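What follows is one structure encoded as structure tokens, with my remarks underneath.
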Amino acid sequence: MQQDINARKIGVLTSGGDVPGLNAALHAIVLTAMKRGVEIIGVDEGYEGLIDGKFNVLDFTRVQHIVDRGGTILRTSRSKRFMQTEGRKRAFEQLKKAEIEGLIIIGGNGSLQGAEIFAREFDYPVMAIPKTIDNDVFGTGFAIGFDTATNTIVEAVDRLRDTADSTSRLFIVEVMGRTSGYLALTCGIAVAADAIVIPEIKPDIERLLDLAEHKLNIGTRSMIILITENSIPEGGMGLKKIVDAKFPEFDSRVTILGHIQRGGSPSAFDRTLASLLANRATEEFIMGLRGVMAGYINGSVQFMPLSELAGKINPLNDNLVQLAGELSILV
């Protein structure tokens with residue numbers, strides 16, 4: 001929606017889980033706004049800080065030399081209070097009191113849903129930028145943080161394969177993703193995993209067990225299986241119980257990569273993506289575009305109304321699914 005907000009003071013917050021690239025986005029937002037005479041106010045601790053009025057000026061001094069840093073200098077949180085009408089009302093009052101005329105929200109699906117509700121309830125200008133290591137935000141080919149997370153996973157699995165081959169072990173590597181298998185799918189291809197288990201495709205455990213039996217028959221006991229955390233009950237540990245029950249002779253191990261996938265210095269791609277999305281989002285927001293998310297589609301920045309994102313998940317890339325099926329067992 002295009003509407004001139006004539007803003008001279010804009011707020012920005014990072015919400016939900018941290019991902020690499022957030023600081024690069026903040027750097028681009030501040031520099032873009034400065035060149036247009038707009039002041040950027042940082043909101044500490046996401047929606048929680050918005051409700052409590054934790055505001056501070058973001059200037060060049062605050063954002064210089066931060067693009068290589070993981071996490072977010074504004075800190076972040078998941079806010080149960082913002083899910084309630086009273087919490088959102090309090091947040092709106094804090095913004096009006098501080099004379100902040102618009103809000104840029106960098107977040108994942110839950111945060112963007114909150115942004116849409118907030119904007120609609122109070123007719124308040126918002127602009128969204130997608131970030132998530134799961135890459136499940138609809139309306140963008142890539143979200144900030146995904147590329148770095150895949151690099152972290154690939155490096156970890158490459159190290160595990162050395163041990164798997166040396167000790168004839170089966171490694172089940174559990175990665176994040178909740179309802180999205182993008183991390184397991186992409187990284188499974190990159191590391192030539194023997195099998196990939198993702199939530200979008202009903203697991204064919206018998207095929208996996210047949211593969212394990214084949215490995216035993218040919219005298220090769222090392223295997224790498226990537227699994228998204230919620231693909232089956234108990235995730236990686238649940239799969240280990242199934243494998244161990246069928247083949248007790250296998251020496252199986254589970255590695256849950258957990259929150260190391262969120263940390264670390266962002267990759268060059270994530271720094272560039274964050275800077276591009278933040279620059280275009282800030283530029284268009286200042287000119288009056290509101291109620292939308294800046295997404296990266298086919299090499300360019302495109303904007304989608306937040307109202308069209310609700311309840312939608314970024315579908316898996318069909319080409320990657322087909323490739324995984326050719327190169328390994330996509331269970």
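A note on labels: chains of the structure tokens are A, B, ... as shown, every chain counts residues from 1, and ligands are counted from 1 in their shown order.
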
Using DSSP secondary structure from the backbone, list all strand (DSSP E) positions within range 57-222 of chain A, as an MDAnalysis selection string.
chainID A and resid 57:58 103:107 126:130 169:175 195:197

Distance query Lys54 in chain A at most 10 Å, only C-alpha atoms, self and fewer than 3 positions along chain excluded, as an MDAnalysis selection string:
chainID A and resid 41:51 94

Excluding same-chain residues fewer than 3 positions from Lys215 in chain A, what lies within 12 Å of it counting only C-alpha atoms, as a list in words?
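Counting only C-alpha atoms, the residues come to Ser168, Arg169, Leu170, Asp194, Leu208, Leu209, Asp210, Leu211, Ala212, Ile218, Gly219, Thr220, Arg221, Ser222, Met223, Ile224, Phe247, Glu249 and Phe250 of chain A.
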
Write out the residues from the selection above, keeping N, CA and C atoms, as a PDB file, in the first residue's frame.
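The file below, result-v1.pdb, is the result:
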ATOM      1  N   SER A 168      33.390 -46.571  10.959  1.00  0.00           N
ATOM      2  CA  SER A 168      32.259 -47.364  10.450  1.00  0.00           C
ATOM      3  C   SER A 168      30.995 -47.107  11.253  1.00  0.00           C
ATOM      4  N   ARG A 169      30.700 -45.832  11.477  1.00  0.00           N
ATOM      5  CA  ARG A 169      29.510 -45.466  12.242  1.00  0.00           C
ATOM      6  C   ARG A 169      28.435 -44.840  11.355  1.00  0.00           C
ATOM      7  N   LEU A 170      27.213 -44.953  11.829  1.00  0.00           N
ATOM      8  CA  LEU A 170      26.077 -44.290  11.201  1.00  0.00           C
ATOM      9  C   LEU A 170      25.767 -43.034  11.998  1.00  0.00           C
ATOM     10  N   ASP A 194      23.456 -39.943   2.706  1.00  0.00           N
ATOM     11  CA  ASP A 194      22.866 -41.199   2.238  1.00  0.00           C
ATOM     12  C   ASP A 194      21.346 -41.136   2.252  1.00  0.00           C
ATOM     13  N   LEU A 208      14.704 -46.602   4.108  1.00  0.00           N
ATOM     14  CA  LEU A 208      15.938 -46.261   4.818  1.00  0.00           C
ATOM     15  C   LEU A 208      16.564 -47.517   5.420  1.00  0.00           C
ATOM     16  N   LEU A 209      15.740 -48.365   6.010  1.00  0.00           N
ATOM     17  CA  LEU A 209      16.259 -49.599   6.604  1.00  0.00           C
ATOM     18  C   LEU A 209      16.818 -50.529   5.543  1.00  0.00           C
ATOM     19  N   ASP A 210      16.198 -50.529   4.365  1.00  0.00           N
ATOM     20  CA  ASP A 210      16.735 -51.333   3.261  1.00  0.00           C
ATOM     21  C   ASP A 210      18.121 -50.831   2.854  1.00  0.00           C
ATOM     22  N   LEU A 211      18.283 -49.511   2.857  1.00  0.00           N
ATOM     23  CA  LEU A 211      19.590 -48.928   2.522  1.00  0.00           C
ATOM     24  C   LEU A 211      20.624 -49.341   3.567  1.00  0.00           C
ATOM     25  N   ALA A 212      20.246 -49.279   4.831  1.00  0.00           N
ATOM     26  CA  ALA A 212      21.166 -49.676   5.892  1.00  0.00           C
ATOM     27  C   ALA A 212      21.558 -51.147   5.765  1.00  0.00           C
ATOM     28  N   ILE A 218      27.304 -55.074   1.935  1.00  0.00           N
ATOM     29  CA  ILE A 218      28.493 -54.804   1.116  1.00  0.00           C
ATOM     30  C   ILE A 218      29.696 -54.442   1.982  1.00  0.00           C
ATOM     31  N   GLY A 219      29.486 -54.509   3.312  1.00  0.00           N
ATOM     32  CA  GLY A 219      30.602 -54.288   4.220  1.00  0.00           C
ATOM     33  C   GLY A 219      30.922 -52.830   4.498  1.00  0.00           C
ATOM     34  N   THR A 220      30.000 -51.924   4.132  1.00  0.00           N
ATOM     35  CA  THR A 220      30.205 -50.493   4.402  1.00  0.00           C
ATOM     36  C   THR A 220      29.205 -50.046   5.449  1.00  0.00           C
ATOM     37  N   ARG A 221      29.691 -49.717   6.623  1.00  0.00           N
ATOM     38  CA  ARG A 221      28.783 -49.390   7.714  1.00  0.00           C
ATOM     39  C   ARG A 221      28.653 -47.895   7.971  1.00  0.00           C
ATOM     40  N   SER A 222      29.417 -47.084   7.314  1.00  0.00           N
ATOM     41  CA  SER A 222      29.321 -45.640   7.566  1.00  0.00           C
ATOM     42  C   SER A 222      28.170 -45.052   6.760  1.00  0.00           C
ATOM     43  N   MET A 223      27.373 -44.247   7.417  1.00  0.00           N
ATOM     44  CA  MET A 223      26.246 -43.583   6.775  1.00  0.00           C
ATOM     45  C   MET A 223      26.055 -42.201   7.387  1.00  0.00           C
ATOM     46  N   ILE A 224      25.527 -41.295   6.575  1.00  0.00           N
ATOM     47  CA  ILE A 224      25.148 -39.975   7.053  1.00  0.00           C
ATOM     48  C   ILE A 224      23.674 -39.769   6.708  1.00  0.00           C
ATOM     49  N   PHE A 247      18.854 -53.020  13.403  1.00  0.00           N
ATOM     50  CA  PHE A 247      20.254 -53.390  13.165  1.00  0.00           C
ATOM     51  C   PHE A 247      21.109 -53.056  14.390  1.00  0.00           C
ATOM     52  N   GLU A 249      23.760 -54.253  15.205  1.00  0.00           N
ATOM     53  CA  GLU A 249      25.185 -54.327  14.879  1.00  0.00           C
ATOM     54  C   GLU A 249      25.732 -52.995  14.375  1.00  0.00           C
ATOM     55  N   PHE A 250      24.851 -52.079  13.979  1.00  0.00           N
ATOM     56  CA  PHE A 250      25.283 -50.739  13.566  1.00  0.00           C
ATOM     57  C   PHE A 250      25.709 -49.937  14.795  1.00  0.00           C
TER      58      PHE A 250
END

Please return, as a tab-separated table (two decimals) with C-alpha atoms, in the first residue's frame, all residues of range 77-260 of chain A that DSSP assigns to helix (DSSP H, G or I) on the basis of the backbone.
chain	number	residue	atom	x	y	z
A	81	ARG	CA	2.63	-10.02	25.58
A	82	PHE	CA	2.58	-8.77	22.00
A	83	MET	CA	0.21	-11.62	21.12
A	85	THR	CA	-4.39	-6.85	22.35
A	86	GLU	CA	-3.33	-5.04	25.50
A	87	GLY	CA	0.34	-5.60	24.72
A	88	ARG	CA	0.00	-4.27	21.18
A	89	LYS	CA	-1.95	-1.24	22.46
A	90	ARG	CA	0.84	-0.48	24.91
A	91	ALA	CA	3.40	-0.78	22.08
A	92	PHE	CA	1.42	1.67	19.95
A	93	GLU	CA	1.26	4.15	22.81
A	94	GLN	CA	5.03	3.93	23.27
A	95	LEU	CA	5.61	4.66	19.58
A	96	LYS	CA	3.28	7.65	19.61
A	97	LYS	CA	4.87	8.99	22.79
A	109	ASN	CA	6.72	-15.90	10.15
A	110	GLY	CA	5.44	-15.25	13.66
A	111	SER	CA	6.96	-11.79	13.82
A	112	LEU	CA	5.58	-10.84	10.43
A	113	GLN	CA	2.12	-12.06	11.39
A	114	GLY	CA	2.34	-9.85	14.48
A	115	ALA	CA	3.40	-6.94	12.30
A	116	GLU	CA	0.37	-7.37	10.04
A	117	ILE	CA	-2.05	-7.49	12.97
A	118	PHE	CA	-0.44	-4.46	14.61
A	119	ALA	CA	-0.51	-2.41	11.41
A	120	ARG	CA	-4.16	-3.27	10.79
A	121	GLU	CA	-5.33	-2.63	14.36
A	122	PHE	CA	-3.78	0.82	14.64
A	146	PHE	CA	19.60	-19.28	5.77
A	147	ASP	CA	22.80	-19.30	3.74
A	148	THR	CA	25.08	-18.98	6.77
A	149	ALA	CA	23.19	-21.73	8.58
A	150	THR	CA	23.65	-24.09	5.62
A	151	ASN	CA	27.38	-23.37	5.56
A	152	THR	CA	27.61	-24.09	9.28
A	153	ILE	CA	25.76	-27.40	8.87
A	154	VAL	CA	27.84	-28.47	5.87
A	155	GLU	CA	31.09	-27.79	7.72
A	156	ALA	CA	29.88	-29.79	10.73
A	157	VAL	CA	28.71	-32.76	8.64
A	158	ASP	CA	31.94	-32.81	6.63
A	159	ARG	CA	33.78	-33.25	9.92
A	160	LEU	CA	31.37	-35.95	11.06
A	161	ARG	CA	31.87	-37.88	7.84
A	162	ASP	CA	35.59	-38.18	8.57
A	163	THR	CA	34.69	-39.88	11.84
A	164	ALA	CA	31.91	-41.95	10.26
A	165	ASP	CA	34.25	-43.35	7.60
A	166	SER	CA	37.09	-43.95	10.07
A	167	THR	CA	34.97	-45.75	12.65
A	182	TYR	CA	14.90	-26.61	3.54
A	183	LEU	CA	18.00	-26.92	5.74
A	184	ALA	CA	18.09	-30.72	5.66
A	185	LEU	CA	17.28	-30.83	1.94
A	186	THR	CA	19.87	-28.26	0.85
A	187	CYS	CA	22.60	-29.50	3.14
A	188	GLY	CA	21.83	-33.15	2.42
A	189	ILE	CA	22.56	-32.51	-1.23
A	190	ALA	CA	25.69	-30.51	-0.43
A	205	ILE	CA	11.38	-45.77	6.99
A	206	GLU	CA	11.43	-49.15	5.26
A	207	ARG	CA	13.44	-47.67	2.36
A	208	LEU	CA	15.94	-46.26	4.82
A	209	LEU	CA	16.26	-49.60	6.60
A	210	ASP	CA	16.73	-51.33	3.26
A	211	LEU	CA	19.59	-48.93	2.52
A	212	ALA	CA	21.17	-49.68	5.89
A	213	GLU	CA	20.88	-53.41	5.24
A	214	HIS	CA	22.52	-52.95	1.84
A	215	LYS	CA	25.38	-51.10	3.52
A	216	LEU	CA	25.83	-54.01	5.91
A	217	ASN	CA	25.77	-56.57	3.09
A	235	GLY	CA	13.45	-36.43	15.74
A	236	GLY	CA	16.98	-37.80	15.45
A	237	MET	CA	16.72	-39.83	18.66
A	238	GLY	CA	13.49	-41.39	17.44
A	239	LEU	CA	15.16	-42.44	14.19
A	240	LYS	CA	18.12	-43.91	16.10
A	241	LYS	CA	15.74	-46.12	18.12
A	242	ILE	CA	14.22	-47.45	14.90
A	243	VAL	CA	17.60	-48.15	13.30
A	244	ASP	CA	19.06	-49.74	16.45
A	245	ALA	CA	16.04	-52.01	16.88
A	246	LYS	CA	16.46	-53.35	13.34
A	258	GLY	CA	21.00	-27.10	17.75
A	259	HIS	CA	21.69	-23.42	18.22
A	260	ILE	CA	25.16	-23.41	16.67

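Rounded to one decimal, CA of Glu174 in chain A and CA of Lys312 in chain A lie 24.4 Å from each other.
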
Point out the residue among A:Asp18, A:Glu326, A:Glu39, A:Asp68 with the least atom-to-atom distance to Ile100 in chain A, counting only C-alpha atoms.
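So, comparing all the options, the nearest one is A:Glu39.
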